[in-house]
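Student: My questions will all concern the structure given below.
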Amino acid sequence: MTVKSNLLGLETGGMPDLNYCRLYQKLQMLNCCINHKKVGNSAPPAEATDEDEFYDAEESLESMEATPQKVLHSVWNQPQGRKERTKMKLLRSGETLYEPVTQALLPMTEDMVEEQSEMMEQLGDNAEGSELRARILSASLLSDMEAFKAANPGAEMEDFVRWHSPRDWIEEEVLTSDGCKMEGRLSGRMQAPCNLWQEMWRAAKPIVAWRQKRLFDDTKEAEKILHSFSALRPAQIATLLLPAVMHASIHRLLEELRPNIQLPDAVSNCRAAIAKIVQIVRHSPLDLQQYEDLLPVLQKIEVRLSQFNSLRRRIIDYGDWEGIDEFVTRLLIDGNVSLAGGSHSPAGRALLKAMGSLNKKDTSSGLPSPVKKEFVLRAMAHRPGNGSTCSCQKLFCSVDEDSVRLAGAWTQDTLFY
């Protein structure tokens, strides 16, 4: 796969965001594959070795004691893949514990998570299935163990647990002849017989992250997405776009609902519709009927909003006053509103002008005179006689400035005439 640049308009890094629709997640996964490919094609990061560390000569004994001592490792056991120092020390050697460079987490889209969950369920609940399930999920753990061993030569299982899973390292205060001191131990889960962590630690070899087998095959995943896109039919593309279209329509409604518009349940219905869309998107297979059930709710909000804007615009043409939004809202909800001051108030005068304009013929806003009129008359009659079966009769009439056209379609009973 040829890598050129990331997809425009999308986030350039990170994991696919499961809060977005599946189509957007697929596009994010493509960007993630491109980023992984770029990192894989680049050279491994340069690391500082023991020969690169220099310490100035100290003049006092105290400064010499504070100077970190270099630990010499054998040629075949040099530390690799160190990311940064930590405040912890290795239990056996007392060296500084380094955080290793590890492989990135496996990016997954929502449908990939569902496929993995279905596969895990098919393994069953017996002991063999549970062990196989744990080994499948522990590929990332084995990679971290190998990177940890490469960064910290001579490290023990306890050192890895302290860094990777601090909850499984229990420290207790122990009373000794020299006084009280803190001693640590592994949790009961880690000390259980046939513990998977213990087995994996013994099998893990010190291998730096960029020399390990890749947990994420970016080329394979990108080709799968591109193949699925090329096989999509127009109806499937429209289905993938439905969540985005519905969300955009609701967002548009919320933009039109200004804070001073207190239409009943408009905002709450919009938020409920968004929550419903999220629930529909996460349901597999997709049920289009659930989208259709949302349309009447959105239609009701849109009609209310259109009525509000139309009535407000009609009234505000003849006068604006404070509280016009509240007046229009109450008029839509209750059907009638009492005005303090009646026709002498600003609102009353504007309403009188608006109602007076309804009785005047406005040629500028009216429709032009028709060029042609068409009429269609339909009737049921007994033809050719009263004893005949009743049948359909039709008359078409067209009237324009110069002519009148008539056309008839008649039927008659040929059996019982």
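Just remember, in the structure tokens the first chain shown is A, the second B, etc., residues are 1-based per chain, and ligands are 1-based in the order shown.
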Which of range 190-386 of chain A end up as helix (DSSP H, G or I) when DSSP is run on this backbone - answer as a count of residues only?
Tutor: 121
Student: Separation of CA of Glu292 in chain A and CA of Gln236 in chain A, in Å?
Tutor: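 Between CA of Glu292 in chain A and CA of Gln236 in chain A the gap works out to 16.6 Å.
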Student: Would you pick out the contacts of range 106-114 of chain A at 9 Å or less, using only C-alpha atoms, so that residues sharing its chain but fewer than 6 positions from it are not included, and give the list as a ChimeraX atom specification?
Tutor: /A:14-18,21-22,25-26,28-29,32,140,215-216,282,284
Student: Report, in Å to a single decimal, how far apart CA of Ser143 in chain A and CA of Asn19 in chain A are.
Tutor: 28.6 Å
Student: So the first atom is CA of Glu173 in chain A and the second is CA of Met190 in chain A; what is the distance between them in Å, to one decimal place?
Tutor: 20.3 Å
Student: Could you give me, as a list in words, the residues within 9 Å of His164 in chain A, counting only C-alpha atoms and dropping anything in the same chain fewer than 4 positions from it?
Tutor: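 Surrounding residues, per the criterion: Asp144, Asp159 and Phe160 of chain A.
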Student: Keeping only C-alpha atoms, take the residues you just selected and write them out as a PDB file, in the first residue's frame.
Tutor:
ATOM      1  CA  ASP A 144       4.709  -5.234  27.013  1.00  0.00           C
ATOM      2  CA  ASP A 159       9.118  -5.265  38.918  1.00  0.00           C
ATOM      3  CA  PHE A 160       6.839  -5.610  35.902  1.00  0.00           C
TER       4      PHE A 160
END
Student: Do you know which residues are at most 12 Å from Ile280 in chain A counting only C-alpha atoms, after dropping those on the same chain fewer than 3 positions away, and could you put them as a list in words?
Tutor: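 After dropping sequence-adjacent residues, the list is Cys21, Arg22, Thr239, Leu240, Leu242, Pro243, Met246, Ala273, Ile274, Ala275, Lys276, Ile277, His283, Ser284, Pro285, Leu286, Asp287, Leu288, Gln289, Gln290, Tyr291, Glu292, Asp293 and Leu294 of chain A.
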Student: Once you have the residues from the selection above, write them out as a short mmCIF file (atom, residue, chain, number, x, y, z; two decimals), in the first residue's frame, restricted to N, CA and C atoms.
Tutor:
data_model
loop_
_atom_site.label_atom_id
_atom_site.label_comp_id
_atom_site.auth_asym_id
_atom_site.auth_seq_id
_atom_site.Cartn_x
_atom_site.Cartn_y
_atom_site.Cartn_z
N CYS A 21 -20.42 7.90 14.03
CA CYS A 21 -21.06 6.83 13.27
C CYS A 21 -19.98 5.91 12.68
N ARG A 22 -20.41 4.74 12.21
CA ARG A 22 -19.45 3.73 11.77
C ARG A 22 -18.69 4.16 10.52
N THR A 239 -27.58 4.30 4.02
CA THR A 239 -27.80 3.79 5.37
C THR A 239 -26.68 4.22 6.31
N LEU A 240 -25.44 4.17 5.82
CA LEU A 240 -24.31 4.60 6.65
C LEU A 240 -24.37 6.09 6.96
N LEU A 242 -27.17 7.82 7.30
CA LEU A 242 -28.38 8.18 8.04
C LEU A 242 -28.10 8.80 9.41
N PRO A 243 -27.22 8.23 10.24
CA PRO A 243 -26.97 8.86 11.54
C PRO A 243 -26.47 10.29 11.42
N MET A 246 -29.44 12.57 10.25
CA MET A 246 -30.40 12.80 11.33
C MET A 246 -29.82 13.74 12.38
N ALA A 273 -34.17 12.62 20.94
CA ALA A 273 -33.95 12.06 19.60
C ALA A 273 -32.48 11.74 19.37
N ILE A 274 -31.58 12.60 19.87
CA ILE A 274 -30.14 12.33 19.73
C ILE A 274 -29.76 11.06 20.48
N ALA A 275 -30.27 10.92 21.71
CA ALA A 275 -29.99 9.71 22.48
C ALA A 275 -30.53 8.47 21.77
N LYS A 276 -31.69 8.61 21.14
CA LYS A 276 -32.28 7.49 20.42
C LYS A 276 -31.44 7.12 19.20
N ILE A 277 -30.89 8.13 18.50
CA ILE A 277 -30.05 7.86 17.34
C ILE A 277 -28.80 7.10 17.76
N HIS A 283 -26.97 -0.48 17.61
CA HIS A 283 -27.73 -1.72 17.50
C HIS A 283 -27.41 -2.38 16.16
N SER A 284 -27.11 -3.64 16.19
CA SER A 284 -26.78 -4.36 14.96
C SER A 284 -27.66 -5.61 14.89
N PRO A 285 -28.32 -5.90 13.76
CA PRO A 285 -28.29 -5.14 12.50
C PRO A 285 -29.14 -3.87 12.57
N LEU A 286 -28.93 -2.98 11.63
CA LEU A 286 -29.60 -1.70 11.62
C LEU A 286 -31.08 -1.87 11.31
N ASP A 287 -31.92 -1.21 12.10
CA ASP A 287 -33.37 -1.26 11.92
C ASP A 287 -33.84 0.10 11.41
N LEU A 288 -34.18 0.16 10.12
CA LEU A 288 -34.61 1.43 9.53
C LEU A 288 -35.95 1.90 10.09
N GLN A 289 -36.76 0.98 10.60
CA GLN A 289 -38.04 1.37 11.15
C GLN A 289 -37.88 2.31 12.35
N GLN A 290 -36.81 2.14 13.10
CA GLN A 290 -36.57 3.01 14.25
C GLN A 290 -36.28 4.44 13.81
N TYR A 291 -35.60 4.59 12.67
CA TYR A 291 -35.40 5.93 12.13
C TYR A 291 -36.73 6.55 11.71
N GLU A 292 -37.60 5.75 11.09
CA GLU A 292 -38.91 6.26 10.68
C GLU A 292 -39.75 6.68 11.88
N ASP A 293 -39.58 5.99 13.00
CA ASP A 293 -40.32 6.36 14.21
C ASP A 293 -39.89 7.72 14.76
N LEU A 294 -38.66 8.14 14.43
CA LEU A 294 -38.18 9.45 14.90
C LEU A 294 -38.71 10.60 14.06
#
Student: With distances taken over only C-alpha atoms, which residue among A:Pro166, A:Pro234, A:Pro206, A:Pro368 lies nearest Gly184 in chain A?
Tutor: A:Pro166
Student: Which of these residues is nearest to Ala409 in chain A, using only C-alpha atoms: A:Met88, A:Ser249, A:Ser388, A:Met380?
Tutor: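 Counting only C-alpha atoms, the residue closest to Ala409 in chain A is A:Met380.
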Student: Would you please extract all strand (DSSP E) residues from range 116-307 of chain A, as assigned by DSSP on the backbone, and give them as a list of chain:residue names?
Tutor: A:Trp169, A:Ile170, A:Glu171, A:Glu172, A:Glu173, A:Val174, A:Leu175, A:Thr176, A:Gly179, A:Cys180, A:Lys181, A:Met182, A:Glu183, A:Gly184, A:Arg185, A:Leu186
Student: Which residues are close to Thr414 in chain A, i.e. within 12 Å by only C-alpha atoms, leaving aside same-chain residues fewer than 4 positions away? Reply as number ranges by chain.
Tutor: A: 382-385, 387-391
Student: Would you save the residues from that selection as a PDB file, in the first residue's frame, using N, CA, C and O atoms?
Tutor:
ATOM      1  N   HIS A 382     -76.221   5.156 -14.879  1.00  0.00           N
ATOM      2  CA  HIS A 382     -76.733   3.964 -15.563  1.00  0.00           C
ATOM      3  C   HIS A 382     -76.821   4.291 -17.055  1.00  0.00           C
ATOM      4  O   HIS A 382     -77.627   5.141 -17.458  1.00  0.00           O
ATOM      5  N   ARG A 383     -76.020   3.671 -17.865  1.00  0.00           N
ATOM      6  CA  ARG A 383     -76.053   3.872 -19.313  1.00  0.00           C
ATOM      7  C   ARG A 383     -76.024   2.509 -20.010  1.00  0.00           C
ATOM      8  O   ARG A 383     -75.324   1.602 -19.544  1.00  0.00           O
ATOM      9  N   PRO A 384     -76.820   2.403 -21.092  1.00  0.00           N
ATOM     10  CA  PRO A 384     -77.625   3.443 -21.757  1.00  0.00           C
ATOM     11  C   PRO A 384     -79.040   3.600 -21.203  1.00  0.00           C
ATOM     12  O   PRO A 384     -79.733   4.549 -21.550  1.00  0.00           O
ATOM     13  N   GLY A 385     -79.453   2.713 -20.250  1.00  0.00           N
ATOM     14  CA  GLY A 385     -80.799   2.821 -19.706  1.00  0.00           C
ATOM     15  C   GLY A 385     -80.796   2.725 -18.204  1.00  0.00           C
ATOM     16  O   GLY A 385     -79.772   2.449 -17.560  1.00  0.00           O
ATOM     17  N   GLY A 387     -82.051   0.468 -16.401  1.00  0.00           N
ATOM     18  CA  GLY A 387     -81.817  -0.889 -15.931  1.00  0.00           C
ATOM     19  C   GLY A 387     -80.386  -1.355 -16.104  1.00  0.00           C
ATOM     20  O   GLY A 387     -80.043  -2.480 -15.709  1.00  0.00           O
ATOM     21  N   SER A 388     -79.554  -0.536 -16.688  1.00  0.00           N
ATOM     22  CA  SER A 388     -78.153  -0.921 -16.902  1.00  0.00           C
ATOM     23  C   SER A 388     -77.366  -0.853 -15.602  1.00  0.00           C
ATOM     24  O   SER A 388     -77.748  -0.169 -14.642  1.00  0.00           O
ATOM     25  N   THR A 389     -76.248  -1.562 -15.591  1.00  0.00           N
ATOM     26  CA  THR A 389     -75.363  -1.536 -14.424  1.00  0.00           C
ATOM     27  C   THR A 389     -74.712  -0.154 -14.306  1.00  0.00           C
ATOM     28  O   THR A 389     -74.299   0.447 -15.305  1.00  0.00           O
ATOM     29  N   CYS A 390     -74.615   0.349 -13.082  1.00  0.00           N
ATOM     30  CA  CYS A 390     -74.014   1.662 -12.841  1.00  0.00           C
ATOM     31  C   CYS A 390     -72.519   1.600 -13.172  1.00  0.00           C
ATOM     32  O   CYS A 390     -71.801   0.706 -12.709  1.00  0.00           O
ATOM     33  N   SER A 391     -72.047   2.560 -13.975  1.00  0.00           N
ATOM     34  CA  SER A 391     -70.641   2.569 -14.402  1.00  0.00           C
ATOM     35  C   SER A 391     -70.080   3.984 -14.302  1.00  0.00           C
ATOM     36  O   SER A 391     -70.814   4.967 -14.155  1.00  0.00           O
TER      37      SER A 391
END
